[in-house]
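entry_12.pdb (PDB, C-alpha atoms and all ligand atoms) appears below.
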MODEL        1
ATOM      1  CA  MET L   6      90.399  95.791  93.578  1.00  0.00           C
ATOM      2  CA  ASP L   7      88.451  97.612  90.866  1.00  0.00           C
ATOM      3  CA  GLY L   8      84.885  98.867  90.671  1.00  0.00           C
ATOM      4  CA  ASN L   9      84.406 100.836  93.897  1.00  0.00           C
ATOM      5  CA  GLY L  10      83.381 104.008  92.096  1.00  0.00           C
ATOM      6  CA  ARG L  11      80.889 102.251  89.827  1.00  0.00           C
ATOM      7  CA  TRP L  12      79.389 100.403  92.794  1.00  0.00           C
ATOM      8  CA  ALA L  13      78.728 103.751  94.483  1.00  0.00           C
ATOM      9  CA  LYS L  14      77.456 105.427  91.323  1.00  0.00           C
ATOM     10  CA  LYS L  15      74.890 102.667  90.777  1.00  0.00           C
ATOM     11  CA  ARG L  16      73.515 103.550  94.217  1.00  0.00           C
ATOM     12  CA  LEU L  17      73.700 107.313  93.661  1.00  0.00           C
ATOM     13  CA  LEU L  18      76.334 107.528  96.398  1.00  0.00           C
ATOM     14  CA  PRO L  19      79.623 109.459  96.316  1.00  0.00           C
ATOM     15  CA  ARG L  20      82.593 107.449  95.002  1.00  0.00           C
ATOM     16  CA  PHE L  21      84.087 107.379  98.469  1.00  0.00           C
ATOM     17  CA  ALA L  22      81.171 105.267  99.727  1.00  0.00           C
ATOM     18  CA  GLY L  23      82.361 102.631  97.267  1.00  0.00           C
ATOM     19  CA  HIS L  24      85.873 102.727  98.715  1.00  0.00           C
ATOM     20  CA  GLN L  25      84.441 102.338 102.209  1.00  0.00           C
ATOM     21  CA  GLN L  26      82.344  99.382 101.140  1.00  0.00           C
ATOM     22  CA  GLY L  27      85.416  97.982  99.397  1.00  0.00           C
ATOM     23  CA  MET L  28      87.084  97.783 102.818  1.00  0.00           C
ATOM     24  CA  GLU L  29      84.424  95.242 103.810  1.00  0.00           C
ATOM     25  CA  SER L  30      85.453  93.084 100.866  1.00  0.00           C
ATOM     26  CA  VAL L  31      89.067  93.358 102.005  1.00  0.00           C
ATOM     27  CA  ARG L  32      88.077  92.103 105.465  1.00  0.00           C
ATOM     28  CA  LYS L  33      86.125  89.174 104.034  1.00  0.00           C
ATOM     29  CA  VAL L  34      88.864  88.156 101.632  1.00  0.00           C
ATOM     30  CA  VAL L  35      91.641  88.408 104.223  1.00  0.00           C
ATOM     31  CA  LYS L  36      89.601  86.328 106.680  1.00  0.00           C
ATOM     32  CA  LYS L  37      88.949  83.618 104.119  1.00  0.00           C
ATOM     33  CA  CYS L  38      92.612  83.525 103.090  1.00  0.00           C
ATOM     34  CA  ILE L  39      93.620  83.022 106.723  1.00  0.00           C
ATOM     35  CA  GLU L  40      91.027  80.271 107.204  1.00  0.00           C
ATOM     36  CA  ASP L  41      91.860  78.498 103.943  1.00  0.00           C
ATOM     37  CA  GLY L  42      95.623  78.546 104.427  1.00  0.00           C
ATOM     38  CA  VAL L  43      96.501  80.910 101.601  1.00  0.00           C
ATOM     39  CA  GLU L  44     100.130  81.864 102.202  1.00  0.00           C
ATOM     40  CA  VAL L  45     100.400  85.194 100.423  1.00  0.00           C
ATOM     41  CA  LEU L  46      97.765  87.756  99.475  1.00  0.00           C
ATOM     42  CA  THR L  47      98.707  90.941  97.651  1.00  0.00           C
ATOM     43  CA  LEU L  48      96.047  93.608  97.248  1.00  0.00           C
ATOM     44  CA  PHE L  49      96.456  96.418  94.753  1.00  0.00           C
ATOM     45  CA  ALA L  50      95.108  99.384  96.721  1.00  0.00           C
ATOM     46  CA  PHE L  51      96.617 102.436  95.043  1.00  0.00           C
ATOM     47  CA  SER L  52      98.675 102.577  91.890  1.00  0.00           C
ATOM     48  CA  SER L  53     101.354 105.084  91.017  1.00  0.00           C
ATOM     49  CA  GLU L  54      98.865 106.370  88.417  1.00  0.00           C
ATOM     50  CA  ASN L  55      96.028 106.913  90.949  1.00  0.00           C
ATOM     51  CA  TRP L  56      97.575 110.286  91.958  1.00  0.00           C
ATOM     52  CA  LYS L  57      95.944 111.606  88.783  1.00  0.00           C
ATOM     53  CA  ARG L  58      92.512 111.335  90.435  1.00  0.00           C
ATOM     54  CA  PRO L  59      90.779 114.424  91.860  1.00  0.00           C
ATOM     55  CA  ALA L  60      92.655 115.683  94.950  1.00  0.00           C
ATOM     56  CA  GLU L  61      89.578 115.181  97.090  1.00  0.00           C
ATOM     57  CA  GLU L  62      89.341 111.477  96.265  1.00  0.00           C
ATOM     58  CA  VAL L  63      93.074 110.967  96.816  1.00  0.00           C
ATOM     59  CA  GLY L  64      92.829 112.734 100.182  1.00  0.00           C
ATOM     60  CA  LEU L  65      89.883 110.633 101.275  1.00  0.00           C
ATOM     61  CA  LEU L  66      91.672 107.446 100.213  1.00  0.00           C
ATOM     62  CA  MET L  67      94.686 108.438 102.351  1.00  0.00           C
ATOM     63  CA  LYS L  68      92.336 108.956 105.304  1.00  0.00           C
ATOM     64  CA  LEU L  69      90.782 105.566 104.670  1.00  0.00           C
ATOM     65  CA  PHE L  70      94.243 103.920 104.720  1.00  0.00           C
ATOM     66  CA  VAL L  71      95.198 105.656 107.950  1.00  0.00           C
ATOM     67  CA  GLY L  72      91.894 104.685 109.575  1.00  0.00           C
ATOM     68  CA  ALA L  73      92.212 101.091 108.398  1.00  0.00           C
ATOM     69  CA  LEU L  74      95.731 100.801 109.802  1.00  0.00           C
ATOM     70  CA  ASP L  75      94.573 102.229 113.143  1.00  0.00           C
ATOM     71  CA  ARG L  76      91.599  99.900 113.376  1.00  0.00           C
ATOM     72  CA  GLU L  77      92.805  96.655 111.827  1.00  0.00           C
ATOM     73  CA  VAL L  78      96.498  96.156 112.546  1.00  0.00           C
ATOM     74  CA  ARG L  79      96.086  94.804 116.076  1.00  0.00           C
ATOM     75  CA  LYS L  80      93.515  92.301 114.865  1.00  0.00           C
ATOM     76  CA  LEU L  81      95.717  91.250 111.968  1.00  0.00           C
ATOM     77  CA  HIS L  82      98.617  90.793 114.348  1.00  0.00           C
ATOM     78  CA  LYS L  83      96.527  88.607 116.655  1.00  0.00           C
ATOM     79  CA  ASN L  84      95.612  86.455 113.663  1.00  0.00           C
ATOM     80  CA  GLY L  85      99.215  85.894 112.667  1.00  0.00           C
ATOM     81  CA  VAL L  86      99.212  88.193 109.640  1.00  0.00           C
ATOM     82  CA  SER L  87     102.462  89.720 108.492  1.00  0.00           C
ATOM     83  CA  LEU L  88     101.645  93.058 106.892  1.00  0.00           C
ATOM     84  CA  ARG L  89     103.791  94.748 104.326  1.00  0.00           C
ATOM     85  CA  ILE L  90     103.135  97.815 102.215  1.00  0.00           C
ATOM     86  CA  VAL L  91     104.816  97.496  98.842  1.00  0.00           C
ATOM     87  CA  GLY L  92     105.431 100.577  96.751  1.00  0.00           C
ATOM     88  CA  ASP L  93     107.075 103.958  97.125  1.00  0.00           C
ATOM     89  CA  ILE L  94     105.650 105.094 100.455  1.00  0.00           C
ATOM     90  CA  THR L  95     107.808 108.233 100.596  1.00  0.00           C
ATOM     91  CA  ALA L  96     105.087 110.044  98.636  1.00  0.00           C
ATOM     92  CA  PHE L  97     102.488 109.455 101.363  1.00  0.00           C
ATOM     93  CA  PRO L  98     101.595 111.881 104.182  1.00  0.00           C
ATOM     94  CA  ASP L  99     103.880 111.562 107.236  1.00  0.00           C
ATOM     95  CA  GLU L 100     101.195 110.194 109.526  1.00  0.00           C
ATOM     96  CA  LEU L 101     100.526 107.398 107.050  1.00  0.00           C
ATOM     97  CA  GLN L 102     104.214 106.582 106.634  1.00  0.00           C
ATOM     98  CA  GLN L 103     104.658 106.376 110.408  1.00  0.00           C
ATOM     99  CA  ARG L 104     101.705 104.020 110.759  1.00  0.00           C
ATOM    100  CA  ILE L 105     103.002 101.833 107.946  1.00  0.00           C
ATOM    101  CA  VAL L 106     106.425 101.490 109.541  1.00  0.00           C
ATOM    102  CA  ALA L 107     104.879 100.714 112.936  1.00  0.00           C
ATOM    103  CA  ALA L 108     102.448  98.144 111.509  1.00  0.00           C
ATOM    104  CA  GLU L 109     105.168  96.366 109.570  1.00  0.00           C
ATOM    105  CA  LYS L 110     107.381  96.274 112.613  1.00  0.00           C
ATOM    106  CA  MET L 111     104.656  94.913 114.867  1.00  0.00           C
ATOM    107  CA  THR L 112     103.687  92.102 112.493  1.00  0.00           C
ATOM    108  CA  ALA L 113     107.097  91.289 111.023  1.00  0.00           C
ATOM    109  CA  ASP L 114     107.505  87.896 112.706  1.00  0.00           C
ATOM    110  CA  ASN L 115     104.033  86.578 111.866  1.00  0.00           C
ATOM    111  CA  ARG L 116     103.851  83.688 109.424  1.00  0.00           C
ATOM    112  CA  ARG L 117     100.238  82.632 108.991  1.00  0.00           C
ATOM    113  CA  LEU L 118      99.479  84.946 106.085  1.00  0.00           C
ATOM    114  CA  TYR L 119     101.715  87.406 104.292  1.00  0.00           C
ATOM    115  CA  LEU L 120      99.425  90.303 103.442  1.00  0.00           C
ATOM    116  CA  ASN L 121     100.948  92.780 101.034  1.00  0.00           C
ATOM    117  CA  ILE L 122      99.203  96.009 100.244  1.00  0.00           C
ATOM    118  CA  ALA L 123     100.466  97.533  97.025  1.00  0.00           C
ATOM    119  CA  ALA L 124     100.254 101.290  97.491  1.00  0.00           C
ATOM    120  CA  ASN L 125     101.861 103.816  95.185  1.00  0.00           C
ATOM    121  CA  TYR L 126     103.046 100.693  93.470  1.00  0.00           C
ATOM    122  CA  GLY L 127     103.679 100.119  89.796  1.00  0.00           C
ATOM    123  CA  GLY L 128     105.090  97.004  88.171  1.00  0.00           C
ATOM    124  CA  ARG L 129     107.407  99.076  86.004  1.00  0.00           C
ATOM    125  CA  TRP L 130     108.603 101.042  89.024  1.00  0.00           C
ATOM    126  CA  ASP L 131     109.456  97.744  90.742  1.00  0.00           C
ATOM    127  CA  ILE L 132     111.516  96.555  87.774  1.00  0.00           C
ATOM    128  CA  VAL L 133     113.242  99.930  87.360  1.00  0.00           C
ATOM    129  CA  GLU L 134     114.206 100.020  91.064  1.00  0.00           C
ATOM    130  CA  ALA L 135     115.585  96.480  90.816  1.00  0.00           C
ATOM    131  CA  THR L 136     117.545  97.451  87.715  1.00  0.00           C
ATOM    132  CA  LYS L 137     119.043 100.453  89.512  1.00  0.00           C
ATOM    133  CA  LYS L 138     120.254  98.205  92.330  1.00  0.00           C
ATOM    134  CA  LEU L 139     122.002  95.908  89.869  1.00  0.00           C
ATOM    135  CA  ALA L 140     123.420  98.918  88.021  1.00  0.00           C
ATOM    136  CA  TYR L 141     124.970 100.232  91.252  1.00  0.00           C
ATOM    137  CA  ARG L 142     126.624  96.877  91.821  1.00  0.00           C
ATOM    138  CA  VAL L 143     128.030  96.928  88.289  1.00  0.00           C
ATOM    139  CA  LYS L 144     129.236 100.501  88.794  1.00  0.00           C
ATOM    140  CA  HIS L 145     131.021  99.552  92.002  1.00  0.00           C
ATOM    141  CA  GLY L 146     132.614  96.540  90.370  1.00  0.00           C
ATOM    142  CA  SER L 147     130.930  93.830  92.445  1.00  0.00           C
ATOM    143  CA  LEU L 148     128.842  92.552  89.533  1.00  0.00           C
ATOM    144  CA  GLY L 149     129.709  91.974  85.888  1.00  0.00           C
ATOM    145  CA  VAL L 150     127.195  92.831  83.173  1.00  0.00           C
ATOM    146  CA  GLU L 151     127.382  89.264  81.848  1.00  0.00           C
ATOM    147  CA  GLU L 152     126.486  87.919  85.282  1.00  0.00           C
ATOM    148  CA  ILE L 153     123.049  89.546  85.230  1.00  0.00           C
ATOM    149  CA  THR L 154     120.345  86.905  85.012  1.00  0.00           C
ATOM    150  CA  SER L 155     116.582  86.976  85.441  1.00  0.00           C
ATOM    151  CA  GLU L 156     117.043  85.256  88.833  1.00  0.00           C
ATOM    152  CA  LEU L 157     119.368  88.035  89.983  1.00  0.00           C
ATOM    153  CA  LEU L 158     116.972  90.746  88.901  1.00  0.00           C
ATOM    154  CA  ALA L 159     114.048  88.926  90.540  1.00  0.00           C
ATOM    155  CA  GLN L 160     116.004  88.956  93.815  1.00  0.00           C
ATOM    156  CA  GLU L 161     115.873  92.754  93.842  1.00  0.00           C
ATOM    157  CA  LEU L 162     112.097  93.080  93.421  1.00  0.00           C
ATOM    158  CA  VAL L 163     110.028  94.239  96.394  1.00  0.00           C
ATOM    159  CA  MET L 164     108.582  90.824  97.244  1.00  0.00           C
ATOM    160  CA  ALA L 165     111.647  88.797  96.322  1.00  0.00           C
ATOM    161  CA  ASP L 166     111.444  86.702  99.476  1.00  0.00           C
ATOM    162  CA  LEU L 167     107.914  85.505  98.712  1.00  0.00           C
ATOM    163  CA  PRO L 168     106.806  82.972  96.099  1.00  0.00           C
ATOM    164  CA  GLU L 169     105.533  84.322  92.791  1.00  0.00           C
ATOM    165  CA  PRO L 170     101.745  84.630  92.604  1.00  0.00           C
ATOM    166  CA  ASP L 171      99.730  81.667  91.302  1.00  0.00           C
ATOM    167  CA  LEU L 172      96.457  83.484  90.784  1.00  0.00           C
ATOM    168  CA  PHE L 173      95.690  87.059  89.762  1.00  0.00           C
ATOM    169  CA  ILE L 174      92.138  88.323  90.247  1.00  0.00           C
ATOM    170  CA  ARG L 175      90.793  91.546  88.781  1.00  0.00           C
ATOM    171  CA  THR L 176      87.276  92.652  89.602  1.00  0.00           C
ATOM    172  CA  GLY L 177      85.177  95.271  87.820  1.00  0.00           C
ATOM    173  CA  GLY L 178      85.099  93.762  84.331  1.00  0.00           C
ATOM    174  CA  GLU L 179      88.296  95.288  82.920  1.00  0.00           C
ATOM    175  CA  GLU L 180      90.625  92.723  81.415  1.00  0.00           C
ATOM    176  CA  ARG L 181      94.022  94.289  81.836  1.00  0.00           C
ATOM    177  CA  ILE L 182      96.952  94.254  84.258  1.00  0.00           C
ATOM    178  CA  SER L 183      97.244  98.053  84.697  1.00  0.00           C
ATOM    179  CA  ASN L 184     100.881  97.994  85.796  1.00  0.00           C
ATOM    180  CA  PHE L 185     100.400  95.568  88.701  1.00  0.00           C
ATOM    181  CA  LEU L 186     102.998  92.849  89.286  1.00  0.00           C
ATOM    182  CA  LEU L 187     104.413  92.773  85.765  1.00  0.00           C
ATOM    183  CA  TRP L 188     107.462  90.626  86.299  1.00  0.00           C
ATOM    184  CA  GLN L 189     105.818  88.275  88.756  1.00  0.00           C
ATOM    185  CA  LEU L 190     102.798  87.586  86.551  1.00  0.00           C
ATOM    186  CA  ALA L 191     104.839  85.803  83.865  1.00  0.00           C
ATOM    187  CA  TYR L 192     103.287  82.393  84.654  1.00  0.00           C
ATOM    188  CA  CYS L 193     100.379  83.504  86.815  1.00  0.00           C
ATOM    189  CA  GLU L 194      96.834  82.361  86.096  1.00  0.00           C
ATOM    190  CA  LEU L 195      94.672  85.379  85.277  1.00  0.00           C
ATOM    191  CA  TYR L 196      91.067  85.590  86.436  1.00  0.00           C
ATOM    192  CA  PHE L 197      88.709  88.403  85.505  1.00  0.00           C
ATOM    193  CA  THR L 198      85.237  88.927  86.895  1.00  0.00           C
ATOM    194  CA  GLN L 199      82.481  91.424  86.154  1.00  0.00           C
ATOM    195  CA  GLN L 200      81.760  91.676  89.861  1.00  0.00           C
ATOM    196  CA  LEU L 201      82.581  95.067  91.356  1.00  0.00           C
ATOM    197  CA  TRP L 202      85.060  94.972  94.235  1.00  0.00           C
ATOM    198  CA  PRO L 203      82.519  95.952  96.933  1.00  0.00           C
ATOM    199  CA  GLU L 204      80.410  92.941  95.838  1.00  0.00           C
ATOM    200  CA  PHE L 205      83.330  90.539  96.004  1.00  0.00           C
ATOM    201  CA  ASP L 206      83.012  88.185  98.964  1.00  0.00           C
ATOM    202  CA  GLU L 207      84.073  84.772 100.287  1.00  0.00           C
ATOM    203  CA  SER L 208      82.090  82.878  97.672  1.00  0.00           C
ATOM    204  CA  SER L 209      83.495  85.053  94.867  1.00  0.00           C
ATOM    205  CA  LEU L 210      86.992  84.197  96.040  1.00  0.00           C
ATOM    206  CA  GLN L 211      86.056  80.522  96.194  1.00  0.00           C
ATOM    207  CA  GLN L 212      84.843  80.700  92.583  1.00  0.00           C
ATOM    208  CA  ALA L 213      88.163  82.184  91.524  1.00  0.00           C
ATOM    209  CA  ILE L 214      90.057  79.485  93.414  1.00  0.00           C
ATOM    210  CA  ASP L 215      87.878  76.778  91.822  1.00  0.00           C
ATOM    211  CA  SER L 216      88.611  78.209  88.385  1.00  0.00           C
ATOM    212  CA  PHE L 217      92.319  78.148  89.210  1.00  0.00           C
ATOM    213  CA  GLY L 218      92.001  74.529  90.360  1.00  0.00           C
ATOM    214  CA  SER L 219      90.537  73.453  87.045  1.00  0.00           C
ATOM    215  CA  ARG L 220      93.434  74.757  84.971  1.00  0.00           C
ATOM    216  CA  GLN L 221      96.504  72.883  83.843  1.00  0.00           C
ATOM    217  CA  ARG L 222      99.678  74.857  84.365  1.00  0.00           C
ATOM    218  CA  ARG L 223     102.294  73.846  81.843  1.00  0.00           C
ATOM    219  CA  PHE L 224     105.100  76.398  82.313  1.00  0.00           C
ATOM    220  CA  GLY L 225     106.063  75.960  78.651  1.00  0.00           C
ATOM    221  CA  MET L 226     105.883  72.158  78.672  1.00  0.00           C
ATOM    222  CA  THR L 227     103.368  69.983  76.824  1.00  0.00           C
ATOM    223  CA  GLY L 228     100.203  68.764  78.498  1.00  0.00           C
ATOM    224  CA  GLU L 229     101.514  65.189  78.276  1.00  0.00           C
ATOM    225  CA  GLN L 230     104.752  66.097  80.044  1.00  0.00           C
ATOM    226  CA  VAL L 231     102.815  67.718  82.873  1.00  0.00           C
ATOM    227  CA  GLU L 232     100.516  64.697  83.215  1.00  0.00           C
ATOM    228  CA  ASP L 233     103.487  62.288  83.242  1.00  0.00           C
ATOM    229  CA  SER L 234     105.305  64.240  85.934  1.00  0.00           C
ATOM    230  CA  ALA L 235     102.151  64.357  88.075  1.00  0.00           C
ATOM    231  CA  SER L 236     101.574  60.590  87.955  1.00  0.00           C
TER     232      SER L 236
HETATM  233  C1  LIG M 301      89.298 100.804  92.688  1.00  0.00           C
HETATM  234  O1  LIG M 301      88.009 101.237  92.411  1.00  0.00           O
HETATM  235  C2  LIG M 301      89.848 101.424  93.951  1.00  0.00           C
HETATM  236  C3  LIG M 301      91.049 102.271  93.786  1.00  0.00           C
HETATM  237  C4  LIG M 301      91.745 102.454  92.707  1.00  0.00           C
HETATM  238  C5  LIG M 301      91.482 102.980  94.995  1.00  0.00           C
HETATM  239  P1  LIG M 301      87.805 102.444  91.404  1.00  0.00           P
HETATM  240  O2  LIG M 301      87.823 103.703  92.197  1.00  0.00           O
HETATM  241  O3  LIG M 301      88.786 102.356  90.298  1.00  0.00           O
HETATM  242  O4  LIG M 301      86.324 102.161  90.863  1.00  0.00           O
HETATM  243  P2  LIG M 301      85.764 102.458  89.414  1.00  0.00           P
HETATM  244  O5  LIG M 301      86.675 101.795  88.426  1.00  0.00           O
HETATM  245  O6  LIG M 301      85.709 103.933  89.252  1.00  0.00           O
HETATM  246  O7  LIG M 301      84.411 101.816  89.440  1.00  0.00           O
HETATM  247 MG    MG M 302      88.748 101.661  88.338  1.00  0.00          MG
ENDMDL
END
Let's see the structure in the file written out as structure tokens.
Ligand code: IPE
Ligand code: MG
Amino acid sequence: MDGNGRWAKKRLLPRFAGHQQGMESVRKVVKKCIEDGVEVLTLFAFSSENWKRPAEEVGLLMKLFVGALDREVRKLHKNGVSLRIVGDITAFPDELQQRIVAAEKMTADNRRLYLNIAANYGGRWDIVEATKKLAYRVKHGSLGVEEITSELLAQELVMADLPEPDLFIRTGGEERISNFLLWQLAYCELYFTQQLWPEFDESSLQQAIDSFGSRQRRFGMTGEQVEDSAS
């Protein structure tokens, strides 16, 4: 979700106004995903590198998260959304951590949409944590080094129970991954748009989905193989 700051700057508003407006885009996108039967939506809200921003902006972002959890969780729960915060939440203020735990608990049994918010998340962090878990098992003798496979490592990642993403969308014109889901993006379709996140709405999401629908996913096979298996 990139481009909040630039959206605000264009309007001579403080950066935070862009983050607030970005929340509206989150609402629109979540609503459309629920209506359209999208199974999993993962939003990159705050990266492990975003701590480098001015303390004031970080503080305001934390407040925005807390406020959003207070206001939205009940509604999400009513709509069958299972909410999960992925990332190292131990770095967040206590009041935020408590709200996260409570929200996840309340919505844990919902199945209509899995909504993951990546916060203090980094793709490399995810892979390193998974590696540590395997290393402990090797150390304690329950796993041999030769037994380590990509499937086994994938089982230790934070969203191991959910399918890998099909479509990655980055707003704001930058064409890079910026340490988002590194492992999980191996075969993901990438979609970049110039639109700033606060401008991103239902029709923007539909455009991204339409672009996805027009692509042939080959997973290393030839186009002919894919066509044969589809017919
Ligand atoms: C993304 O918008 C939101 C967060 C990282 C929280 P930015 O704040 O990165 O917006 P730009 O890139 O400065 O426009
Ligand atoms: Mg940015």
So what does the PyMOL selection byres (((chain L and resi 56-60) around 12) and not hetatm) actually pick up in this one, as a CSV table (one decimal) with C-alpha atoms, keeping the file's coordinate frame?
chain,number,residue,atom,x,y,z
L,10,GLY,CA,83.4,104.0,92.1
L,20,ARG,CA,82.6,107.4,95.0
L,21,PHE,CA,84.1,107.4,98.5
L,51,PHE,CA,96.6,102.4,95.0
L,52,SER,CA,98.7,102.6,91.9
L,53,SER,CA,101.4,105.1,91.0
L,54,GLU,CA,98.9,106.4,88.4
L,55,ASN,CA,96.0,106.9,90.9
L,61,GLU,CA,89.6,115.2,97.1
L,62,GLU,CA,89.3,111.5,96.3
L,63,VAL,CA,93.1,111.0,96.8
L,64,GLY,CA,92.8,112.7,100.2
L,65,LEU,CA,89.9,110.6,101.3
L,66,LEU,CA,91.7,107.4,100.2
L,67,MET,CA,94.7,108.4,102.4
L,96,ALA,CA,105.1,110.0,98.6
L,97,PHE,CA,102.5,109.5,101.4
L,124,ALA,CA,100.3,101.3,97.5
L,125,ASN,CA,101.9,103.8,95.2
L,126,TYR,CA,103.0,100.7,93.5
Hits from the PyMOL selection byres (((not hetatm)) within 6 of (chain M and resi 301)), listed as a list in words: Met6, Asp7, Gly8, Asn9, Gly10, Arg11, Ala50 and Phe51 of chain L
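For the choices L:Leu139, L:Val106, L:Leu148, L:Ala123, the atom-to-atom distance to L:Gln160 is smallest for L:Leu139 when using all atoms listed in the file.
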Write out as JSON, numbers by chain the residues lying within 6 Å of stretch 74-91 of chain L, counting all atoms listed in the file and excluding same-chain residues fewer than 6 positions away. {"L": [109, 112, 113, 115, 117, 118, 119, 120, 121, 122, 123]}
Check which residues of stretch 188-220 of chain L sit at most 7 Å from stretch 28-36 of chain L using all atoms listed in the file, and return one row each with the closest pair of atoms and their distance in Å to one decimal, ordered by chain and rising number, as a tab-separated table.
residue	atom	partner	partner_atom	distance
L:Trp202	CA	L:Ser30	CA	6.9
L:Pro203	CA	L:Ser30	CA	5.7
L:Phe205	CA	L:Ser30	CA	5.9
L:Asp206	CA	L:Ser30	CA	5.8
L:Glu207	CA	L:Val34	CA	6.0
Please dump the current selection as a PDB file, in the frame of the given file; keep C-alpha atoms.
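What ended up in again-v4.pdb:
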ATOM      1  CA  TRP L 202      85.060  94.972  94.235  1.00  0.00           C
ATOM      2  CA  PRO L 203      82.519  95.952  96.933  1.00  0.00           C
ATOM      3  CA  PHE L 205      83.330  90.539  96.004  1.00  0.00           C
ATOM      4  CA  ASP L 206      83.012  88.185  98.964  1.00  0.00           C
ATOM      5  CA  GLU L 207      84.073  84.772 100.287  1.00  0.00           C
TER       6      GLU L 207
END
Nearest to ligand MG 302 (chain M), restricted to all atoms listed in the file and choosing among L:Thr176, L:Thr227, L:Gln212, L:Thr198, comes out as L:Thr176
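Put simply, atom CA of L:His24 is 13.4 Å away from atom CA of L:Val71.
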Mind giving me the straight-line distance from atom CA of L:Lys138 to atom CA of L:Asp166 in Å, one decimal? 16.2 Å
Residue nearest ligand MG 302 (chain M) among L:Ser183, L:Gln211, L:Ser216, L:Gln189 (counting all atoms listed in the file): L:Ser183
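Here atom CA of L:Ile153 and atom CA of L:Asp131 stand 16.8 Å from one another.
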I'd like the neighbourhood of stretch 190-195 of chain L as a list of chain:residue names, where a residue qualifies if any of its atoms comes within 7 Å (using all atoms listed in the file), though same-chain residues fewer than 6 positions away should be ignored. L:Pro170, L:Asp171, L:Leu172, L:Phe173, L:Ile174, L:Phe217, L:Phe224
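Among L:Gly225, L:Gly149, L:Gly218, L:Gly177, the residue with the shortest atom-to-atom distance to ligand MG 302 (chain M), counting only C-alpha atoms and all ligand atoms, is L:Gly177.
Using only C-alpha atoms and all ligand atoms, the nearest neighbour of ligand MG 302 (chain M) within the list L:His145, L:Arg223, L:Arg175, L:Lys37 is L:Arg175.
Of the listed residues L:Ala235, L:Tyr196, L:Ile214, L:Leu201, the one whose atoms come nearest to ligand MG 302 (chain M) is L:Leu201, with distances taken using only C-alpha atoms and all ligand atoms.
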Written as a VMD selection string, what is the full residue list that the PyMOL selection byres (((chain L and resi 129) around 10) and not hetatm) yields on the file shown? chain L and resid 53 126 to 128 130 to 135 184 to 188
Select all residues near (78.2, 100.5, 99.2) (cut-off 7 Å, inclusive, file coordinates), counting all atoms listed in the file, and output them as a compact mmCIF listing (two decimals) with C-alpha atoms, in the frame of the given file.
# COMPACT_ATOMS: atom_id res chain seq x y z
CA TRP L 12 79.39 100.40 92.79
CA ALA L 13 78.73 103.75 94.48
CA ALA L 22 81.17 105.27 99.73
CA GLY L 23 82.36 102.63 97.27
CA GLN L 26 82.34 99.38 101.14
CA PRO L 203 82.52 95.95 96.93
